[in-house]
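Engineer: Before anything else, here's the structure in question.
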Amino acid sequence: MALIPTQTLVTVSVPGYSLENASEALRLALIPLPDARIVAVTLQTNWMSAFFGKTSLLAVVEYTPAA
């Protein structure tokens with residue numbers, strides 16, 4: 001019996017403007033999801049987060065839930 005893949009939205013926010021730090025935070029957020037695969041990722045921006053120096057990533061992740 002094949003398990004049905006599930007999709008979820010994962011968001012991470014880090015202080016500063018470093019995409020490297022944001023991608024590392026995203027990698028750490030995906031650890032609890034078994035066989036996680038990023039389907040889409042985007043940088044969330046608005047004037048307020050830019051003013052206060054916050055970088056946010058939104059990612060659609062496909063994974064197979066534990067049986």
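Ordered as shown in the structure tokens, chains take letters A, B, and onward, while each chain numbers its residues from 1 and ligands are numbered from 1 in the order shown.
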Please give the complete set of residues from chain A that DSSP, run on the backbone, assigns to helix (DSSP H, G or I), formatted as a PyMOL selection string.

Structural biologist: chain A and resi 19-29+47-52

Engineer: Could you write out that same residue set with N, CA, C and O atoms as a CSV table (one decimal), in the first residue's frame?

Structural biologist:
```
chain,number,residue,atom,x,y,z
A,19,LEU,N,20.1,35.6,3.4
A,19,LEU,CA,19.3,34.5,2.8
A,19,LEU,C,20.0,33.2,3.3
A,19,LEU,O,19.3,32.1,3.4
A,20,GLU,N,21.3,33.2,3.5
A,20,GLU,CA,22.0,32.0,4.0
A,20,GLU,C,21.4,31.5,5.3
A,20,GLU,O,21.1,30.4,5.6
A,21,ASN,N,21.2,32.5,6.2
A,21,ASN,CA,20.6,32.2,7.6
A,21,ASN,C,19.2,31.7,7.4
A,21,ASN,O,18.7,30.8,8.1
A,22,ALA,N,18.4,32.3,6.5
A,22,ALA,CA,17.0,32.0,6.3
A,22,ALA,C,16.9,30.5,5.7
A,22,ALA,O,16.1,29.8,6.1
A,23,SER,N,17.8,30.2,4.8
A,23,SER,CA,17.8,28.9,4.2
A,23,SER,C,18.2,27.8,5.2
A,23,SER,O,17.7,26.7,5.2
A,24,GLU,N,19.1,28.1,6.1
A,24,GLU,CA,19.5,27.2,7.2
A,24,GLU,C,18.3,27.0,8.2
A,24,GLU,O,18.1,25.9,8.6
A,25,ALA,N,17.6,28.1,8.5
A,25,ALA,CA,16.4,28.0,9.3
A,25,ALA,C,15.4,27.1,8.7
A,25,ALA,O,14.7,26.3,9.3
A,26,LEU,N,15.2,27.2,7.4
A,26,LEU,CA,14.2,26.4,6.6
A,26,LEU,C,14.7,24.9,6.7
A,26,LEU,O,13.8,24.0,6.9
A,27,ARG,N,15.9,24.7,6.5
A,27,ARG,CA,16.4,23.3,6.5
A,27,ARG,C,16.2,22.7,7.9
A,27,ARG,O,15.7,21.5,8.0
A,28,LEU,N,16.4,23.4,9.0
A,28,LEU,CA,16.1,22.9,10.3
A,28,LEU,C,14.6,22.7,10.6
A,28,LEU,O,14.2,21.8,11.3
A,29,ALA,N,13.8,23.6,9.9
A,29,ALA,CA,12.3,23.4,10.1
A,29,ALA,C,11.8,22.2,9.4
A,29,ALA,O,10.7,21.6,9.8
A,47,TRP,N,7.3,46.3,3.6
A,47,TRP,CA,8.1,47.5,4.0
A,47,TRP,C,8.4,47.4,5.5
A,47,TRP,O,9.5,47.8,5.9
A,48,MET,N,7.5,46.8,6.3
A,48,MET,CA,7.8,46.7,7.8
A,48,MET,C,8.9,45.7,8.1
A,48,MET,O,9.8,46.0,8.9
A,49,SER,N,8.9,44.6,7.5
A,49,SER,CA,10.0,43.6,7.7
A,49,SER,C,11.3,44.1,7.2
A,49,SER,O,12.3,43.9,7.8
A,50,ALA,N,11.3,44.8,6.1
A,50,ALA,CA,12.5,45.4,5.5
A,50,ALA,C,13.0,46.5,6.5
A,50,ALA,O,14.2,46.6,6.7
A,51,PHE,N,12.1,47.3,7.0
A,51,PHE,CA,12.5,48.4,7.9
A,51,PHE,C,13.2,47.8,9.2
A,51,PHE,O,14.2,48.4,9.7
A,52,PHE,N,12.6,46.8,9.7
A,52,PHE,CA,13.1,46.2,11.0
A,52,PHE,C,14.2,45.1,10.8
A,52,PHE,O,14.7,44.5,11.7
```

Engineer: Quick one: DSSP strand (DSSP E) residues in chain A, as a PyMOL selection string?

Structural biologist: chain A and resi 6-15+37-44+54-63

Engineer: Would you output that residue set with N, CA, C and O atoms, as an mmCIF file, in the first residue's frame?

Structural biologist:
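Writing the result to part-v7.cif gives the following:
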```cif
data_model
loop_
_atom_site.group_PDB
_atom_site.id
_atom_site.type_symbol
_atom_site.label_atom_id
_atom_site.label_comp_id
_atom_site.auth_asym_id
_atom_site.auth_seq_id
_atom_site.Cartn_x
_atom_site.Cartn_y
_atom_site.Cartn_z
ATOM 1 N N THR A 6 1.605 14.380 1.374
ATOM 2 C CA THR A 6 0.859 15.501 1.928
ATOM 3 C C THR A 6 1.659 16.775 1.707
ATOM 4 O O THR A 6 2.883 16.741 1.714
ATOM 5 N N GLN A 7 0.956 17.890 1.520
ATOM 6 C CA GLN A 7 1.636 19.172 1.367
ATOM 7 C C GLN A 7 1.322 20.066 2.559
ATOM 8 O O GLN A 7 0.224 20.011 3.117
ATOM 9 N N THR A 8 2.279 20.871 2.922
ATOM 10 C CA THR A 8 2.100 21.828 3.999
ATOM 11 C C THR A 8 2.880 23.100 3.687
ATOM 12 O O THR A 8 3.784 23.082 2.851
ATOM 13 N N LEU A 9 2.507 24.176 4.346
ATOM 14 C CA LEU A 9 3.199 25.452 4.188
ATOM 15 C C LEU A 9 4.100 25.657 5.395
ATOM 16 O O LEU A 9 3.653 25.567 6.536
ATOM 17 N N VAL A 10 5.379 25.919 5.146
ATOM 18 C CA VAL A 10 6.361 26.131 6.211
ATOM 19 C C VAL A 10 6.872 27.560 6.077
ATOM 20 O O VAL A 10 7.248 27.986 4.987
ATOM 21 N N THR A 11 6.870 28.296 7.180
ATOM 22 C CA THR A 11 7.408 29.656 7.175
ATOM 23 C C THR A 11 8.512 29.765 8.207
ATOM 24 O O THR A 11 8.424 29.185 9.285
ATOM 25 N N VAL A 12 9.538 30.493 7.870
ATOM 26 C CA VAL A 12 10.634 30.776 8.805
ATOM 27 C C VAL A 12 10.987 32.252 8.707
ATOM 28 O O VAL A 12 10.923 32.835 7.633
ATOM 29 N N SER A 13 11.327 32.833 9.832
ATOM 30 C CA SER A 13 11.764 34.229 9.887
ATOM 31 C C SER A 13 13.057 34.303 10.682
ATOM 32 O O SER A 13 13.178 33.658 11.719
ATOM 33 N N VAL A 14 13.988 35.081 10.188
ATOM 34 C CA VAL A 14 15.261 35.277 10.881
ATOM 35 C C VAL A 14 15.583 36.764 10.898
ATOM 36 O O VAL A 14 15.207 37.504 9.990
ATOM 37 N N PRO A 15 16.274 37.212 11.928
ATOM 38 C CA PRO A 15 16.681 38.623 11.945
ATOM 39 C C PRO A 15 17.787 38.876 10.926
ATOM 40 O O PRO A 15 18.602 38.001 10.646
ATOM 41 N N ARG A 37 10.262 17.353 0.641
ATOM 42 C CA ARG A 37 10.713 17.851 -0.658
ATOM 43 C C ARG A 37 10.087 19.220 -0.869
ATOM 44 O O ARG A 37 8.868 19.370 -0.805
ATOM 45 N N ILE A 38 10.913 20.228 -1.105
ATOM 46 C CA ILE A 38 10.393 21.581 -1.317
ATOM 47 C C ILE A 38 9.832 21.674 -2.724
ATOM 48 O O ILE A 38 10.520 21.408 -3.704
ATOM 49 N N VAL A 39 8.564 22.058 -2.812
ATOM 50 C CA VAL A 39 7.884 22.200 -4.102
ATOM 51 C C VAL A 39 8.036 23.635 -4.614
ATOM 52 O O VAL A 39 8.283 23.855 -5.792
ATOM 53 N N ALA A 40 7.895 24.606 -3.714
ATOM 54 C CA ALA A 40 8.024 26.014 -4.090
ATOM 55 C C ALA A 40 8.529 26.792 -2.887
ATOM 56 O O ALA A 40 8.223 26.453 -1.746
ATOM 57 N N VAL A 41 9.301 27.825 -3.153
ATOM 58 C CA VAL A 41 9.799 28.681 -2.064
ATOM 59 C C VAL A 41 9.810 30.123 -2.557
ATOM 60 O O VAL A 41 10.054 30.389 -3.736
ATOM 61 N N THR A 42 9.484 31.038 -1.660
ATOM 62 C CA THR A 42 9.495 32.446 -2.013
ATOM 63 C C THR A 42 9.949 33.271 -0.816
ATOM 64 O O THR A 42 9.836 32.833 0.329
ATOM 65 N N LEU A 43 10.447 34.433 -1.094
ATOM 66 C CA LEU A 43 10.875 35.368 -0.069
ATOM 67 C C LEU A 43 9.699 36.280 0.242
ATOM 68 O O LEU A 43 9.142 36.911 -0.661
ATOM 69 N N GLN A 44 9.301 36.315 1.507
ATOM 70 C CA GLN A 44 8.191 37.171 1.909
ATOM 71 C C GLN A 44 8.757 38.516 2.318
ATOM 72 O O GLN A 44 9.613 38.592 3.200
ATOM 73 N N LYS A 54 14.163 41.950 8.913
ATOM 74 C CA LYS A 54 13.738 40.568 9.117
ATOM 75 C C LYS A 54 13.565 39.909 7.745
ATOM 76 O O LYS A 54 12.982 40.492 6.844
ATOM 77 N N THR A 55 14.102 38.714 7.587
ATOM 78 C CA THR A 55 13.963 37.953 6.351
ATOM 79 C C THR A 55 13.066 36.756 6.614
ATOM 80 O O THR A 55 13.281 36.027 7.581
ATOM 81 N N SER A 56 12.051 36.562 5.752
ATOM 82 C CA SER A 56 11.117 35.447 5.921
ATOM 83 C C SER A 56 11.039 34.649 4.628
ATOM 84 O O SER A 56 10.989 35.219 3.542
ATOM 85 N N LEU A 57 11.027 33.326 4.771
ATOM 86 C CA LEU A 57 10.844 32.433 3.632
ATOM 87 C C LEU A 57 9.548 31.659 3.812
ATOM 88 O O LEU A 57 9.223 31.217 4.919
ATOM 89 N N LEU A 58 8.802 31.512 2.734
ATOM 90 C CA LEU A 58 7.607 30.674 2.700
ATOM 91 C C LEU A 58 7.901 29.520 1.755
ATOM 92 O O LEU A 58 8.361 29.736 0.638
ATOM 93 N N ALA A 59 7.623 28.305 2.191
ATOM 94 C CA ALA A 59 7.913 27.133 1.362
ATOM 95 C C ALA A 59 6.733 26.173 1.397
ATOM 96 O O ALA A 59 6.172 25.903 2.461
ATOM 97 N N VAL A 60 6.361 25.667 0.223
ATOM 98 C CA VAL A 60 5.395 24.575 0.134
ATOM 99 C C VAL A 60 6.219 23.296 0.123
ATOM 100 O O VAL A 60 7.111 23.132 -0.703
ATOM 101 N N VAL A 61 5.911 22.407 1.050
ATOM 102 C CA VAL A 61 6.691 21.204 1.242
ATOM 103 C C VAL A 61 5.797 19.988 1.076
ATOM 104 O O VAL A 61 4.686 19.937 1.613
ATOM 105 N N GLU A 62 6.280 19.026 0.315
ATOM 106 C CA GLU A 62 5.566 17.759 0.140
ATOM 107 C C GLU A 62 6.321 16.691 0.939
ATOM 108 O O GLU A 62 7.541 16.603 0.864
ATOM 109 N N TYR A 63 5.576 15.918 1.729
ATOM 110 C CA TYR A 63 6.197 14.869 2.538
ATOM 111 C C TYR A 63 5.239 13.703 2.697
ATOM 112 O O TYR A 63 4.048 13.829 2.422
#
```
